[in-house]
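See below for final-v6.cif, which holds mmCIF, C-alpha atoms.
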data_coords
#
loop_
_atom_site.label_atom_id
_atom_site.label_comp_id
_atom_site.auth_asym_id
_atom_site.auth_seq_id
_atom_site.Cartn_x
_atom_site.Cartn_y
_atom_site.Cartn_z
CA MET F 1 -29.03 -23.14 15.44
CA ASN F 2 -26.06 -23.28 13.06
CA VAL F 3 -22.70 -24.35 14.45
CA THR F 4 -19.93 -22.58 12.58
CA ARG F 5 -16.16 -22.58 12.88
CA SER F 6 -16.09 -18.90 13.75
CA GLY F 7 -18.77 -19.44 16.39
CA LEU F 8 -16.83 -22.26 18.02
CA LEU F 9 -13.64 -20.20 18.01
CA ARG F 10 -15.43 -17.25 19.58
CA ALA F 11 -16.83 -19.58 22.26
CA ALA F 12 -13.33 -20.89 22.94
CA GLY F 13 -12.10 -17.31 23.15
CA LEU F 14 -14.78 -16.51 25.71
CA ALA F 15 -13.78 -19.63 27.67
CA ALA F 16 -10.19 -18.37 27.71
CA VAL F 17 -11.31 -14.94 28.94
CA VAL F 18 -13.32 -16.46 31.81
CA ALA F 19 -10.50 -18.89 32.68
CA GLY F 20 -7.94 -16.10 32.69
CA LEU F 21 -10.05 -13.87 34.93
CA LEU F 22 -10.73 -16.76 37.33
CA PHE F 23 -7.00 -17.53 37.34
CA VAL F 24 -6.25 -13.95 38.39
CA VAL F 25 -8.95 -13.81 41.08
CA ILE F 26 -8.15 -17.20 42.63
CA GLN F 27 -4.47 -16.51 43.37
CA PRO F 28 -4.87 -13.87 46.13
CA VAL F 29 -7.91 -15.51 47.77
CA HIS F 30 -6.59 -19.09 47.80
CA PRO F 31 -6.63 -20.41 51.40
CA HIS F 32 -3.44 -21.57 53.07
CA ASP F 33 -2.59 -25.22 52.40
CA THR F 34 -3.29 -26.37 55.95
CA LEU F 35 -5.46 -29.11 57.41
CA GLU F 36 -7.72 -26.54 59.07
CA SER F 37 -8.49 -24.86 55.74
CA VAL F 38 -9.62 -28.04 53.99
CA THR F 39 -13.03 -28.22 55.65
CA THR F 40 -13.95 -24.54 55.23
CA ASN F 41 -16.45 -23.14 52.75
CA THR F 42 -13.75 -20.89 51.30
CA TRP F 43 -11.64 -23.93 50.45
CA ALA F 44 -14.58 -25.61 48.72
CA LEU F 45 -15.60 -22.54 46.69
CA VAL F 46 -12.04 -21.75 45.60
CA HIS F 47 -11.35 -25.29 44.46
CA TYR F 48 -14.67 -25.68 42.67
CA ALA F 49 -13.85 -22.47 40.83
CA THR F 50 -10.32 -23.74 40.15
CA LEU F 51 -11.65 -26.93 38.63
CA VAL F 52 -13.97 -24.95 36.35
CA MET F 53 -11.10 -22.63 35.49
CA THR F 54 -8.84 -25.53 34.55
CA ILE F 55 -11.44 -27.03 32.20
CA LEU F 56 -12.08 -23.65 30.57
CA PHE F 57 -8.32 -23.12 30.32
CA ILE F 58 -7.98 -26.30 28.24
CA VAL F 59 -10.94 -25.35 26.03
CA GLY F 60 -9.55 -21.85 25.59
CA ILE F 61 -6.04 -22.84 24.53
CA GLY F 62 -7.59 -25.45 22.25
CA GLY F 63 -9.47 -22.74 20.37
CA ILE F 64 -6.44 -20.43 20.35
CA TYR F 65 -4.30 -23.22 18.92
CA LEU F 66 -6.85 -24.17 16.25
CA ARG F 67 -7.13 -20.55 15.12
CA GLN F 68 -3.41 -20.45 14.31
CA VAL F 69 -2.62 -24.13 13.81
CA GLU F 70 -1.02 -23.70 10.40
CA GLU F 71 0.97 -20.62 11.32
CA THR F 72 2.39 -21.99 14.60
CA GLY F 73 3.45 -25.34 13.13
CA TRP F 74 5.26 -27.88 15.30
CA LEU F 75 6.18 -25.27 17.91
CA GLY F 76 2.53 -24.50 18.52
CA LEU F 77 1.61 -28.18 18.64
CA ASN F 78 4.35 -28.92 21.17
CA GLY F 79 3.30 -25.98 23.31
CA PHE F 80 -0.34 -27.01 23.24
CA VAL F 81 0.39 -30.66 24.11
CA ILE F 82 2.76 -29.74 26.96
CA LEU F 83 0.36 -27.18 28.40
CA ALA F 84 -2.71 -29.41 28.06
CA LEU F 85 -0.91 -32.28 29.82
CA ALA F 86 0.10 -30.00 32.68
CA LEU F 87 -3.48 -28.76 33.02
CA LEU F 88 -4.90 -32.29 33.03
CA ILE F 89 -2.56 -33.27 35.86
CA THR F 90 -3.52 -30.09 37.70
CA ALA F 91 -7.22 -30.87 37.23
CA ALA F 92 -6.72 -34.29 38.83
CA PHE F 93 -5.07 -32.73 41.89
CA VAL F 94 -7.73 -30.03 42.13
CA PHE F 95 -10.38 -32.75 42.08
CA LEU F 96 -8.64 -34.42 45.04
CA GLU F 97 -8.47 -31.11 46.88
CA ALA F 98 -12.10 -30.24 46.23
CA PHE F 99 -13.84 -33.57 46.80
CA ILE F 100 -11.51 -36.06 48.53
CA GLU F 101 -9.47 -34.12 51.05
CA PRO F 102 -12.48 -32.64 52.94
CA LEU F 103 -13.90 -36.16 53.39
CA LEU F 104 -10.63 -37.53 54.77
CA ALA F 105 -9.52 -34.56 56.86
CA ALA F 106 -10.96 -35.98 60.10
CA THR F 107 -10.18 -39.68 59.59
CA GLU F 108 -6.89 -39.56 57.65
CA PRO F 109 -5.22 -36.29 58.63
CA GLU F 110 -1.67 -37.46 57.83
CA PHE F 111 -2.69 -38.44 54.30
CA VAL F 112 -4.40 -35.09 53.73
CA GLU F 113 -1.47 -33.15 55.17
CA SER F 114 0.88 -35.06 52.88
CA LEU F 115 -1.23 -34.12 49.84
CA LEU F 116 -1.20 -30.53 51.00
CA GLY F 117 2.55 -30.73 51.46
CA VAL F 118 3.06 -31.99 47.92
CA VAL F 119 1.07 -29.12 46.43
CA GLY F 120 2.43 -26.54 48.85
CA GLY F 121 6.04 -27.62 48.39
CA THR F 122 6.73 -28.79 51.94
CA GLY F 123 6.79 -32.50 51.07
CA ALA F 124 4.83 -35.58 52.13
CA THR F 125 5.12 -37.49 55.41
CA VAL F 126 3.41 -40.66 54.10
CA ASP F 127 3.87 -42.66 50.93
CA LEU F 128 1.70 -41.20 48.17
CA GLY F 129 3.03 -43.35 45.35
CA PRO F 130 3.51 -41.49 42.06
CA LEU F 131 1.53 -38.39 43.12
CA PRO F 132 4.55 -36.28 44.20
CA MET F 133 6.33 -37.12 40.94
CA LEU F 134 3.24 -36.19 38.89
CA TRP F 135 2.93 -32.86 40.66
CA SER F 136 6.61 -32.14 40.10
CA VAL F 137 6.20 -32.98 36.41
CA SER F 138 3.24 -30.60 36.11
CA GLY F 139 5.29 -27.90 37.84
CA VAL F 140 7.85 -28.15 35.03
CA LEU F 141 5.41 -28.65 32.16
CA PHE F 142 3.14 -25.71 32.96
CA PRO F 143 5.69 -22.86 32.67
CA LEU F 144 7.38 -24.65 29.77
CA GLY F 145 4.06 -25.02 27.96
CA CYS F 146 3.19 -21.35 28.54
CA LEU F 147 6.59 -20.32 27.19
CA VAL F 148 6.50 -22.48 24.06
CA PHE F 149 2.82 -21.79 23.33
CA GLY F 150 3.27 -18.06 23.81
CA ILE F 151 6.38 -17.87 21.63
CA ALA F 152 4.59 -19.81 18.89
CA GLY F 153 1.73 -17.30 19.04
CA MET F 154 4.13 -14.37 18.87
CA ARG F 155 5.80 -15.82 15.79
CA ALA F 156 2.46 -16.56 14.12
CA GLY F 157 1.14 -13.02 14.59
CA ILE F 158 -2.48 -14.06 14.10
CA LEU F 159 -3.70 -13.01 17.55
CA SER F 160 -2.28 -10.25 19.74
CA ARG F 161 1.52 -10.55 19.95
CA TRP F 162 1.51 -8.58 23.19
CA ALA F 163 -0.93 -11.06 24.75
CA SER F 164 1.20 -13.98 23.59
CA GLY F 165 4.27 -12.30 25.05
CA VAL F 166 2.63 -11.80 28.44
CA PHE F 167 1.45 -15.41 28.40
CA ALA F 168 4.92 -16.68 27.50
CA PHE F 169 7.19 -14.53 29.67
CA GLY F 170 4.93 -13.17 32.41
CA LEU F 171 5.29 -16.20 34.68
CA PRO F 172 9.12 -16.48 34.81
CA VAL F 173 9.50 -12.71 35.22
CA ALA F 174 6.89 -12.59 37.99
CA ILE F 175 8.41 -15.60 39.77
CA ALA F 176 11.79 -13.90 39.77
CA VAL F 177 10.21 -10.84 41.39
CA VAL F 178 7.99 -12.54 43.98
CA SER F 179 10.78 -14.89 45.05
CA MET F 180 12.08 -11.93 47.05
CA LEU F 181 8.71 -11.52 48.79
CA PRO F 182 7.20 -13.48 51.71
CA GLN F 183 5.90 -17.01 51.04
CA ASP F 184 2.28 -15.90 51.36
CA LEU F 185 2.66 -13.67 48.30
CA HIS F 186 4.22 -16.25 45.98
CA ARG F 187 0.89 -17.16 44.40
CA VAL F 188 0.56 -13.70 42.85
CA GLY F 189 3.45 -14.65 40.57
CA ALA F 190 0.98 -16.66 38.50
CA ILE F 191 -1.29 -13.68 37.81
CA PRO F 192 0.44 -12.68 34.52
CA VAL F 193 -0.51 -16.06 33.05
CA GLY F 194 -4.17 -15.31 33.72
CA ILE F 195 -3.85 -11.85 32.22
CA GLY F 196 -2.16 -13.23 29.11
CA LEU F 197 -4.76 -15.97 28.74
CA ALA F 198 -7.70 -13.56 29.10
CA TRP F 199 -6.05 -11.19 26.64
CA LEU F 200 -5.51 -13.96 24.09
CA GLY F 201 -9.10 -15.09 24.58
CA TYR F 202 -10.39 -11.58 23.96
CA SER F 203 -8.21 -11.31 20.85
CA LEU F 204 -9.78 -14.52 19.55
CA TRP F 205 -13.35 -13.62 20.58
CA SER F 206 -13.22 -10.15 19.06
CA GLU F 207 -11.94 -11.22 15.66
CA ARG F 208 -14.21 -10.14 12.81
CA PRO F 209 -15.20 -13.12 10.65
CA VAL F 210 -14.19 -12.66 7.01
CA PRO F 211 -17.34 -12.49 4.83
CA ALA F 212 -17.59 -15.09 2.11
CA THR F 213 -17.46 -12.34 -0.56
CA GLU F 214 -14.05 -11.22 0.79
CA GLN F 215 -12.51 -14.66 0.92
CA PRO F 216 -9.97 -15.36 -1.83
CA LEU F 217 -10.90 -17.80 -4.55
CA HIS F 218 -8.69 -20.88 -4.61
CA ARG F 219 -9.74 -22.05 -8.05
CA THR F 220 -8.53 -20.28 -11.17
CA GLY F 221 -9.45 -20.45 -14.82
CA SER F 222 -12.57 -19.69 -16.73
CA VAL F 223 -15.91 -20.90 -15.56
CA ARG F 224 -18.06 -22.59 -18.15
CA PRO F 225 -21.70 -21.57 -17.93
CA ASP F 226 -24.24 -24.27 -17.36
CA PRO F 227 -26.05 -25.18 -20.55
CA SER F 228 -29.67 -24.12 -20.62
CA PRO F 229 -32.39 -24.32 -23.21
CA ALA F 230 -32.17 -20.55 -23.69
CA SER F 231 -28.45 -20.61 -24.46
CA GLN F 232 -28.77 -23.56 -26.80
CA ALA F 233 -31.58 -21.94 -28.86
#
Could you rewrite the structure in this file as structure tokens?
Amino acid sequence: MNVTRSGLLRAAGLAAVVAGLLFVVIQPVHPHDTLESVTTNTWALVHYATLVMTILFIVGIGGIYLRQVEETGWLGLNGFVILALALLITAAFVFLEAFIEPLLAATEPEFVESLLGVVGGTGATVDLGPLPMLWSVSGVLFPLGCLVFGIAGMRAGILSRWASGVFAFGLPVAIAVVSMLPQDLHRVGAIPVGIGLAWLGYSLWSERPVPATEQPLHRTGSVRPDPSPASQA
């Protein structure tokens, strides 16, 4: 089984598609951030899926960035680093929600409710150390990373510019709209990010590899034939 650059990029594109679709599906079915929800099967399934989605998200944007690394330059690098850092912080919190909170819900309810309050925006009632600050940092880095990464992709023009635009500007536009809606509907403001990510992933996955015969030659000048007994006779 040969591992090629185009094959790895297509795999990363597929990862982005799956991550984007999971991102879209998770938002409306996410349980309420309450102590009663933590021990339910729905909570477990949603957060297991969210953890998988976050990992695939990182893999997907990694492939998208590598496909256009030269064209996006420093702007693309900054967007990728900011977004990857935000996703890593998010993955750590999702791990706590999926595997730690259900175990502590009965014995340490105040601690669990404080973690839920940090993520849900209602605040913590016990000291959680640097966790609230980390979550606040990720809340700034994620939309900033989407914006910078998307703009870099639009400027590069390698993958779909429309997809990059949705990825960059979909979140702030949607947040402005859903801010006028009830609190329960605020999560749907993140859906454009998932759409943009899946779209970018499809744009990467569906690219046609350039055959070797169509690739430009980088070396110029005449080519000297190899000497052979027949040519020397």
Q) atom CA of F:Ala156 and atom CA of F:Trp74, how far apart in Å? A) 11.7 Å
Q: Please determine the residues with any atom at most 10 Å from (7.7, -34.9, 56.6) (coordinates as given in the file, with all atoms listed in the file counting) and report them as a count of residues only.
A: 9
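Going from atom CA of F:Ala152 to atom CA of F:Glu70 covers 10.9 Å.
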Q.
My list of candidates is F:Val24, F:Ile151, F:Leu9, F:Leu14. Which is closest to F:Ala190 when distances are computed with all atoms listed in the file?
A.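 Once distances to F:Ala190 are computed over all atoms listed in the file, the minimum belongs to F:Val24.
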Q: Select, from F:Ile64, F:Ala106, F:Val112, F:Val38, the residue with the minimum atom-to-atom distance to F:Gly79, counting all atoms listed in the file.
A: F:Ile64
If the PyMOL selection byres ((chain F and resi 3-7) around 10) were run on this exact file, what residues would it hold? Put them as a CSV table (one decimal) with C-alpha atoms, in the coordinates of the input.
chain,number,residue,atom,x,y,z
F,1,MET,CA,-29.0,-23.1,15.4
F,2,ASN,CA,-26.1,-23.3,13.1
F,8,LEU,CA,-16.8,-22.3,18.0
F,9,LEU,CA,-13.6,-20.2,18.0
F,10,ARG,CA,-15.4,-17.2,19.6
F,11,ALA,CA,-16.8,-19.6,22.3
F,12,ALA,CA,-13.3,-20.9,22.9
F,13,GLY,CA,-12.1,-17.3,23.2
F,67,ARG,CA,-7.1,-20.6,15.1
F,204,LEU,CA,-9.8,-14.5,19.6
F,205,TRP,CA,-13.4,-13.6,20.6
F,207,GLU,CA,-11.9,-11.2,15.7
F,208,ARG,CA,-14.2,-10.1,12.8
F,209,PRO,CA,-15.2,-13.1,10.6
F,210,VAL,CA,-14.2,-12.7,7.0
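In terms of minimum interatomic distance to F:Phe149, F:Leu83 ranks closest within F:Ala105, F:Leu83, F:Leu45, F:Val166, counting only C-alpha atoms.
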Q.
Evaluate the PyMOL selection byres ((chain F and resi 132-137) around 9) against this structure - the residues, as a list in words, please.
A.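 This file gives the following for the PyMOL selection byres ((chain F and resi 132-137) around 9): Ala86, Ile89, Thr90, Phe93, Leu115, Val118, Val119, Gly123, Ala124, Leu128, Gly129, Pro130, Leu131, Ser138, Gly139, Val140, Leu141 and Phe142 of chain F.
Within the file as shown, the PyMOL selection byres ((chain F and resi 33) around 6) identifies His32, Thr34 and Leu116 of chain F.
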